[in-house]
file data04.cif (mmCIF, C-alpha atoms)
data_work
#
loop_
_atom_site.label_atom_id
_atom_site.label_comp_id
_atom_site.auth_asym_id
_atom_site.auth_seq_id
_atom_site.Cartn_x
_atom_site.Cartn_y
_atom_site.Cartn_z
CA MET A 121 21.06 -61.48 -21.17
CA PHE A 122 22.29 -62.35 -17.72
CA ARG A 123 19.43 -61.03 -15.58
CA PRO A 124 16.79 -63.68 -16.42
CA ILE A 125 19.43 -66.41 -16.25
CA LEU A 126 20.55 -65.25 -12.82
CA THR A 127 17.03 -64.84 -11.49
CA GLY A 128 16.21 -68.42 -12.43
CA ALA A 129 19.35 -69.69 -10.75
CA LEU A 130 18.62 -67.76 -7.57
CA ILE A 131 15.04 -69.02 -7.41
CA ALA A 132 16.21 -72.60 -7.83
CA GLY A 133 18.96 -72.16 -5.28
CA THR A 134 21.45 -74.07 -7.38
CA LEU A 135 20.04 -75.72 -10.48
CA ALA A 136 23.12 -77.87 -10.80
CA LEU A 137 22.00 -80.02 -7.90
CA ALA A 138 19.19 -81.44 -10.01
CA PRO A 139 19.46 -85.26 -10.54
CA ASN A 140 19.86 -85.07 -14.33
CA PHE A 141 23.21 -83.30 -13.87
CA ALA A 142 24.64 -85.90 -11.48
CA ALA A 143 26.88 -87.54 -14.07
CA ALA A 144 28.14 -84.30 -15.63
CA HIS A 145 31.84 -83.55 -15.76
CA SER A 146 33.18 -80.75 -17.97
CA VAL A 147 30.88 -78.30 -19.77
CA HIS A 148 31.25 -78.10 -23.54
CA ALA A 149 29.99 -75.27 -25.74
CA LYS A 150 29.71 -74.80 -29.49
CA PRO A 151 31.93 -72.12 -31.06
CA ASP A 152 30.14 -68.83 -31.71
CA ASP A 153 31.61 -66.43 -34.26
CA LYS A 154 29.62 -63.57 -32.72
CA VAL A 155 31.80 -63.83 -29.58
CA LYS A 156 35.40 -62.62 -29.64
CA ALA A 157 37.63 -65.68 -29.99
CA ALA A 158 39.51 -64.93 -26.75
CA PHE A 159 36.22 -65.20 -24.82
CA ASP A 160 34.42 -67.84 -26.89
CA ILE A 161 34.31 -70.72 -24.39
CA ILE A 162 34.69 -74.19 -25.88
CA GLU A 163 35.06 -76.13 -22.65
CA THR A 164 35.22 -75.42 -18.94
CA ARG A 165 36.01 -77.84 -16.14
CA ILE A 166 37.10 -78.20 -12.53
CA THR A 167 39.02 -81.30 -11.53
CA THR A 168 40.74 -82.44 -8.36
CA THR A 169 43.84 -84.42 -7.52
CA ARG A 170 44.88 -85.61 -4.08
CA ASP A 171 46.17 -82.16 -3.12
CA SER A 172 44.65 -79.55 -5.42
CA ALA A 173 41.76 -78.41 -7.57
CA THR A 174 42.31 -77.05 -11.08
CA PHE A 175 39.87 -74.60 -12.65
CA SER A 176 40.28 -74.64 -16.43
CA THR A 177 38.60 -72.91 -19.37
CA ARG A 178 39.44 -73.43 -23.03
CA VAL A 179 38.43 -70.82 -25.63
CA ARG A 180 38.35 -70.66 -29.43
CA GLY A 181 41.17 -68.11 -29.61
CA GLU A 182 44.15 -67.05 -27.50
CA ALA A 183 43.25 -66.81 -23.83
CA GLY A 184 44.07 -63.41 -22.36
CA SER A 185 44.81 -61.74 -25.69
CA GLU A 186 41.94 -59.25 -25.26
CA LYS A 187 42.30 -56.68 -22.46
CA PRO A 188 40.21 -53.65 -21.51
CA ALA A 189 41.54 -50.29 -22.65
CA ALA A 190 43.14 -48.19 -19.92
CA THR A 191 41.16 -45.08 -19.00
CA GLY A 192 43.66 -43.49 -16.62
CA LYS A 193 41.21 -43.42 -13.73
CA PHE A 194 39.50 -45.83 -11.35
CA GLU A 195 35.90 -44.68 -11.71
CA GLY A 196 34.27 -46.02 -14.85
CA SER A 197 37.19 -48.33 -15.65
CA GLY A 198 36.76 -51.80 -17.12
CA VAL A 199 37.57 -55.36 -16.10
CA TYR A 200 37.68 -58.48 -18.29
CA ALA A 201 37.15 -61.84 -16.64
CA TYR A 202 37.12 -65.60 -17.11
CA VAL A 203 34.67 -66.82 -14.46
CA TRP A 204 33.62 -70.13 -12.88
CA PRO A 205 30.30 -69.69 -11.02
CA THR A 206 29.94 -72.54 -8.51
CA SER A 207 27.59 -74.10 -5.97
CA LEU A 208 30.06 -73.34 -3.17
CA ASN A 209 28.81 -71.45 -0.14
CA SER A 210 30.39 -68.09 0.64
CA GLY A 211 31.40 -69.61 3.98
CA ASP A 212 33.63 -72.07 2.07
CA ILE A 213 35.90 -69.24 0.91
CA GLY A 214 36.22 -67.24 4.11
CA PHE A 215 33.17 -64.98 4.10
CA GLU A 216 29.97 -65.31 6.12
CA ARG A 217 27.63 -68.06 4.92
CA ASP A 218 24.83 -67.69 2.40
CA LYS A 219 25.86 -64.32 0.98
CA GLY A 220 25.38 -65.06 -2.72
CA ILE A 221 26.79 -66.92 -5.72
CA VAL A 222 30.44 -67.88 -5.25
CA ALA A 223 32.65 -67.61 -8.33
CA LEU A 224 36.32 -67.81 -9.10
CA ALA A 225 37.37 -65.15 -11.61
CA VAL A 226 40.61 -64.56 -13.47
CA THR A 227 40.66 -60.84 -14.24
CA PHE A 228 42.61 -58.07 -15.93
CA HIS A 229 42.09 -54.37 -15.15
CA PRO A 230 44.77 -51.87 -16.18
CA ASP A 231 43.54 -48.91 -14.11
CA PHE A 232 43.74 -50.13 -10.53
CA ASP A 233 45.32 -52.66 -8.17
CA ASP A 234 43.35 -54.96 -5.87
CA ALA A 235 45.95 -57.45 -4.68
CA ALA A 236 46.20 -58.47 -1.04
CA TYR A 237 48.58 -56.68 1.31
CA GLY A 238 48.81 -53.63 -0.98
CA LYS A 239 50.63 -55.46 -3.76
CA LYS A 240 50.31 -54.52 -7.45
CA ASN A 241 48.38 -56.62 -9.95
CA ARG A 242 47.05 -54.25 -12.62
CA SER A 243 49.49 -55.47 -15.27
CA VAL A 244 48.79 -59.22 -15.03
CA TRP A 245 45.87 -61.61 -15.24
CA HIS A 246 45.14 -62.73 -11.68
CA PRO A 247 42.55 -64.70 -9.67
CA HIS A 248 39.83 -63.55 -7.29
CA TRP A 249 37.07 -65.15 -5.34
CA VAL A 250 33.93 -63.03 -5.68
CA VAL A 251 30.45 -63.23 -4.19
CA LEU A 252 27.81 -62.21 -6.73
CA ASN A 253 24.24 -61.01 -6.28
CA GLU A 254 21.49 -59.74 -8.53
CA ASP A 255 21.24 -55.99 -9.02
CA LYS A 256 18.96 -54.41 -11.64
CA ALA A 257 21.19 -51.34 -11.70
CA CYS A 258 23.83 -53.41 -13.49
CA ALA A 259 23.59 -53.90 -17.26
CA GLY A 260 24.46 -57.59 -16.85
CA GLY A 261 22.07 -58.07 -13.93
CA LEU A 262 24.83 -59.00 -11.48
CA LYS A 263 27.18 -57.21 -9.14
CA VAL A 264 30.07 -58.14 -6.91
CA SER A 265 28.43 -57.77 -3.51
CA ASP A 266 29.06 -54.46 -1.79
CA ILE A 267 30.08 -54.13 1.87
CA PRO A 268 27.88 -51.41 3.40
CA GLU A 269 29.71 -48.58 5.11
CA GLY A 270 30.13 -49.23 8.83
CA SER A 271 29.54 -53.00 8.61
CA LYS A 272 32.18 -55.48 9.75
CA PRO A 273 31.56 -58.81 7.98
CA LYS A 274 33.79 -61.84 8.23
CA LEU A 275 36.54 -61.53 5.61
CA PRO A 276 39.39 -63.74 4.32
CA VAL A 277 42.94 -62.81 5.30
CA THR A 278 43.71 -61.94 1.66
CA TRP A 279 40.76 -59.53 1.32
CA PRO A 280 42.25 -56.54 -0.58
CA GLY A 281 40.68 -53.81 1.53
CA VAL A 282 37.99 -52.69 -0.92
CA PRO A 283 34.28 -52.47 0.08
CA LEU A 284 33.35 -55.63 -1.82
CA LEU A 285 33.01 -59.34 -1.06
CA ILE A 286 36.16 -60.13 -3.01
CA ASP A 287 39.27 -62.07 -2.12
CA SER A 288 42.73 -61.81 -3.72
CA PRO A 289 44.55 -65.10 -3.10
CA GLU A 290 47.84 -65.76 -4.88
CA TYR A 291 46.87 -69.01 -6.60
CA PRO A 292 49.08 -70.17 -9.48
CA THR A 293 47.40 -68.88 -12.64
CA ALA A 294 48.42 -69.54 -16.24
CA LEU A 295 47.06 -68.33 -19.57
CA LYS A 296 48.72 -70.34 -22.31
CA GLY A 297 47.47 -70.84 -25.83
CA ASP A 298 43.72 -71.33 -25.71
CA THR A 299 43.51 -72.21 -22.00
CA VAL A 300 43.18 -70.48 -18.62
CA ASP A 301 44.20 -72.58 -15.60
CA VAL A 302 44.07 -71.83 -11.87
CA THR A 303 45.39 -74.33 -9.31
CA ILE A 304 44.17 -74.20 -5.69
CA PRO A 305 45.35 -76.34 -2.75
CA LEU A 306 42.41 -78.40 -1.51
CA SER A 307 43.30 -77.37 2.04
CA LEU A 308 42.22 -73.81 1.14
CA ILE A 309 38.89 -74.54 -0.52
CA GLY A 310 36.30 -76.36 1.53
CA GLY A 311 33.44 -78.12 -0.22
CA ILE A 312 34.90 -78.19 -3.73
CA LYS A 313 34.73 -81.96 -4.20
CA GLY A 314 31.44 -82.77 -5.90
CA ALA A 315 30.50 -79.10 -6.33
CA SER A 316 28.67 -77.89 -9.44
CA TYR A 317 29.91 -75.16 -11.75
CA ASP A 318 29.62 -73.33 -15.07
CA GLY A 319 31.87 -71.14 -17.19
CA VAL A 320 31.37 -67.48 -18.09
CA THR A 321 33.38 -64.79 -19.84
CA ALA A 322 32.38 -61.22 -19.08
CA GLY A 323 33.25 -57.56 -18.89
CA LEU A 324 32.73 -55.69 -15.62
CA LYS A 325 32.79 -51.97 -14.88
CA ILE A 326 33.53 -49.77 -11.89
CA ASN A 327 30.68 -47.38 -11.10
CA GLY A 328 31.49 -43.95 -12.51
CA ASN A 329 30.16 -42.35 -9.31
CA LEU A 330 31.92 -44.86 -7.02
CA HIS A 331 28.62 -45.65 -5.31
CA SER A 332 26.86 -48.97 -4.69
CA PRO A 333 26.83 -51.07 -6.78
CA LEU A 334 30.54 -50.42 -7.08
CA LEU A 335 31.43 -53.25 -9.47
CA CYS A 336 28.85 -54.44 -11.99
CA VAL A 337 28.80 -57.21 -14.53
CA ASP A 338 28.42 -54.94 -17.54
CA ASN A 339 28.52 -57.35 -20.48
CA VAL A 340 28.32 -61.13 -20.59
CA PHE A 341 30.34 -62.45 -23.52
CA LYS A 342 29.39 -66.12 -23.17
CA VAL A 343 27.91 -68.64 -20.72
CA ALA A 344 29.24 -72.16 -21.34
CA SER A 345 25.96 -73.89 -20.53
CA GLY A 346 23.90 -71.17 -22.20
CA ASN A 347 21.65 -70.78 -19.17
CA LEU A 348 23.84 -70.68 -16.04
CA SER A 349 22.49 -74.07 -14.93
CA LEU A 350 25.86 -75.10 -13.44
CA PRO A 351 25.85 -78.49 -15.19
CA GLY A 352 29.52 -79.23 -14.51
CA LYS A 353 30.44 -81.51 -11.65
CA VAL A 354 33.82 -81.37 -9.90
CA MET A 355 35.44 -84.78 -10.27
CA PRO A 356 38.91 -86.30 -9.82
CA ALA A 357 41.23 -85.78 -12.78
CA LYS A 358 41.61 -88.90 -14.93
#

call {"tool": "encode", "arguments": {"input": "data04.cif", "output": "structure tokens"}}
result
Amino acid sequence: MFRPILTGALIAGTLALAPNFAAAHSVHAKPDDKVKAAFDIIETRITTTRDSATFSTRVRGEAGSEKPAATGKFEGSGVYAYVWPTSLNSGDIGFERDKGIVALAVTFHPDFDDAAYGKKNRSVWHPHWVVLNEDKACAGGLKVSDIPEGSKPKLPVTWPGVPLLIDSPEYPTALKGDTVDVTIPLSLIGGIKGASYDGVTAGLKINGNLHSPLLCVDNVFKVASGNLSLPGKVMPAK
């Protein structure tokens, strides 16, 4: 499902910059009984105030009520995620520029910790910045970008020490009722005003052999726009 959508988005650069999306705000989606209610996106949006940006997704069911089963080991373990793919540049979030699709993800994974500074986070939903790229080895067509052994790329201070382009900031995150919210100080997120975005719910999986790609998008539950066209536009909250 995701591979042709992604390929089109990569070829276009960022489809959301097209003129017909200029007036878009939040992204609405029709309910789909074939998708689990906890991941059935109804609306996704990113809004700003004077000091912060809020990433928000509303689903048909109870947000966060579905979690991957624990396997007792890191390799082959699962991750569930609420994701906001954006038109941000990887340089806006502390990595080197032009490294792939920048997304904020709220994740749960019971078999490992990937918080900054060695902290624990396996028992709570928590946010990450991730840089995504196409990889045909992944069932969902996407991977979190690997860091090749021996390379020394630019990394954010809250990089968790894993060989991936992933960041583990401690942004306030709330799952309440049917909604997931993440609030980010504008001082920490360059380029967000006027950016384009979409909403995705997905399952990811750690490679059973712990080789590249290490973390794949394994199953896309729903794309808010239906085609990853990033039709949302970040605007001031009303």

call {"tool": "closest_residue", "arguments": {"input": "data04.cif", "among": "A:Pro205, A:Pro289, A:Gly311, A:Pro333", "to": "Asn347 in chain A", "atoms": "all atoms listed in the file"}}
result
A:Pro205

call {"tool": "resolve_selection", "arguments": {"input": "data04.cif", "expression": "the PyMOL selection byres ((chain A and resi 306) around 10)", "output": "list in words"}}
result
Thr168, Thr169, Arg170, Asp171, Ser172, Ala173, Thr174, Thr303, Ile304, Pro305, Ser307, Leu308, Ile309, Gly310, Gly311, Ile312 and Lys313 of chain A

call {"tool": "atom_distance", "arguments": {"input": "data04.cif", "atom1": "CA of Ala201 in chain A", "atom2": "CA of Leu252 in chain A"}}
result
13.6 Å

call {"tool": "residues_near_point", "arguments": {"input": "data04.cif", "point": "(27.6, -63.8, 3.4)", "cutoff": "10 Å", "atoms": "only C-alpha atoms", "output": "list in words"}}
result
Asn209, Ser210, Gly211, Gly214, Phe215, Glu216, Arg217, Asp218, Lys219, Gly220, Ile221, Val222, Val251, Ser265, Pro273, Lys274, Leu275 and Leu285 of chain A

call {"tool": "closest_residue", "arguments": {"input": "data04.cif", "among": "A:Pro247, A:Gly196, A:Gly181, A:Gly238", "to": "Thr293 in chain A", "atoms": "only C-alpha atoms"}}
result
A:Pro247

call {"tool": "resolve_selection", "arguments": {"input": "data04.cif", "expression": "the PyMOL selection byres ((chain A and resi 358) around 12)", "output": "VMD selection string"}}
result
chain A and resid 145 166 to 170 354 to 357

call {"tool": "write_last_selection", "arguments": {"input": "data04.cif", "atoms": "C-alpha atoms", "output": "PDB file, keeping the file's coordinate frame"}}
result
ATOM      1  CA  HIS A 145      31.840 -83.550 -15.760  1.00  0.00           C
ATOM      2  CA  ILE A 166      37.100 -78.200 -12.530  1.00  0.00           C
ATOM      3  CA  THR A 167      39.020 -81.300 -11.530  1.00  0.00           C
ATOM      4  CA  THR A 168      40.740 -82.440  -8.360  1.00  0.00           C
ATOM      5  CA  THR A 169      43.840 -84.420  -7.520  1.00  0.00           C
ATOM      6  CA  ARG A 170      44.880 -85.610  -4.080  1.00  0.00           C
ATOM      7  CA  VAL A 354      33.820 -81.370  -9.900  1.00  0.00           C
ATOM      8  CA  MET A 355      35.440 -84.780 -10.270  1.00  0.00           C
ATOM      9  CA  PRO A 356      38.910 -86.300  -9.820  1.00  0.00           C
ATOM     10  CA  ALA A 357      41.230 -85.780 -12.780  1.00  0.00           C
TER      11      ALA A 357
END

call {"tool": "axis_aligned_box", "arguments": {"input": "data04.cif", "around": "range 310-319 of chain A", "padding_each_side": "8 Å", "output": "AutoDock Vina command-line options"}}
result
--center_x 32.5 --center_y -77.0 --center_z -7.8 --size_x 23.6 --size_y 27.6 --size_z 34.7

call {"tool": "resolve_selection", "arguments": {"input": "data04.cif", "expression": "the PyMOL selection byres ((chain A and resi 180) around 9)", "output": "ChimeraX atom specification"}}
result
/A:151-152,156-162,178-179,181-183,298

call {"tool": "closest_residue", "arguments": {"input": "data04.cif", "among": "A:Ala322, A:Leu295, A:Ala235, A:Ala259", "to": "Gly281 in chain A", "atoms": "all atoms listed in the file"}}
result
A:Ala235

call {"tool": "closest_residue", "arguments": {"input": "data04.cif", "among": "A:Ser243, A:Ser197, A:Ser176, A:Thr164", "to": "Lys342 in chain A", "atoms": "only C-alpha atoms"}}
result
A:Thr164

call {"tool": "residues_around", "arguments": {"input": "data04.cif", "residues": "Ala189 in chain A", "least_positions_apart": "6", "cutoff": "12 Å", "atoms": "only C-alpha atoms", "output": "PDB file with C-alpha atoms, keeping the file's coordinate frame"}}
result
ATOM      1  CA  GLY A 196      34.270 -46.020 -14.850  1.00  0.00           C
ATOM      2  CA  SER A 197      37.190 -48.330 -15.650  1.00  0.00           C
ATOM      3  CA  GLY A 198      36.760 -51.800 -17.120  1.00  0.00           C
ATOM      4  CA  VAL A 199      37.570 -55.360 -16.100  1.00  0.00           C
ATOM      5  CA  TYR A 200      37.680 -58.480 -18.290  1.00  0.00           C
ATOM      6  CA  PHE A 228      42.610 -58.070 -15.930  1.00  0.00           C
ATOM      7  CA  HIS A 229      42.090 -54.370 -15.150  1.00  0.00           C
ATOM      8  CA  PRO A 230      44.770 -51.870 -16.180  1.00  0.00           C
ATOM      9  CA  ASP A 231      43.540 -48.910 -14.110  1.00  0.00           C
ATOM     10  CA  GLY A 323      33.250 -57.560 -18.890  1.00  0.00           C
ATOM     11  CA  LYS A 325      32.790 -51.970 -14.880  1.00  0.00           C
TER      12      LYS A 325
END

call {"tool": "closest_residue", "arguments": {"input": "data04.cif", "among": "A:Lys263, A:Trp245, A:Lys296, A:Ala344", "to": "Pro188 in chain A", "atoms": "all atoms listed in the file"}}
result
A:Trp245

call {"tool": "residues_around", "arguments": {"input": "data04.cif", "residues": "Ser332 in chain A", "least_positions_apart": "6", "cutoff": "12 Å", "atoms": "only C-alpha atoms", "output": "PyMOL selection string"}}
result
chain A and resi 255-258+263-269+283-284+326

call {"tool": "atom_distance", "arguments": {"input": "data04.cif", "atom1": "CA of Gly328 in chain A", "atom2": "CA of Asp233 in chain A"}}
result
16.9 Å

call {"tool": "atom_distance", "arguments": {"input": "data04.cif", "atom1": "CA of Val282 in chain A", "atom2": "CA of Asn329 in chain A"}}
result
15.4 Å
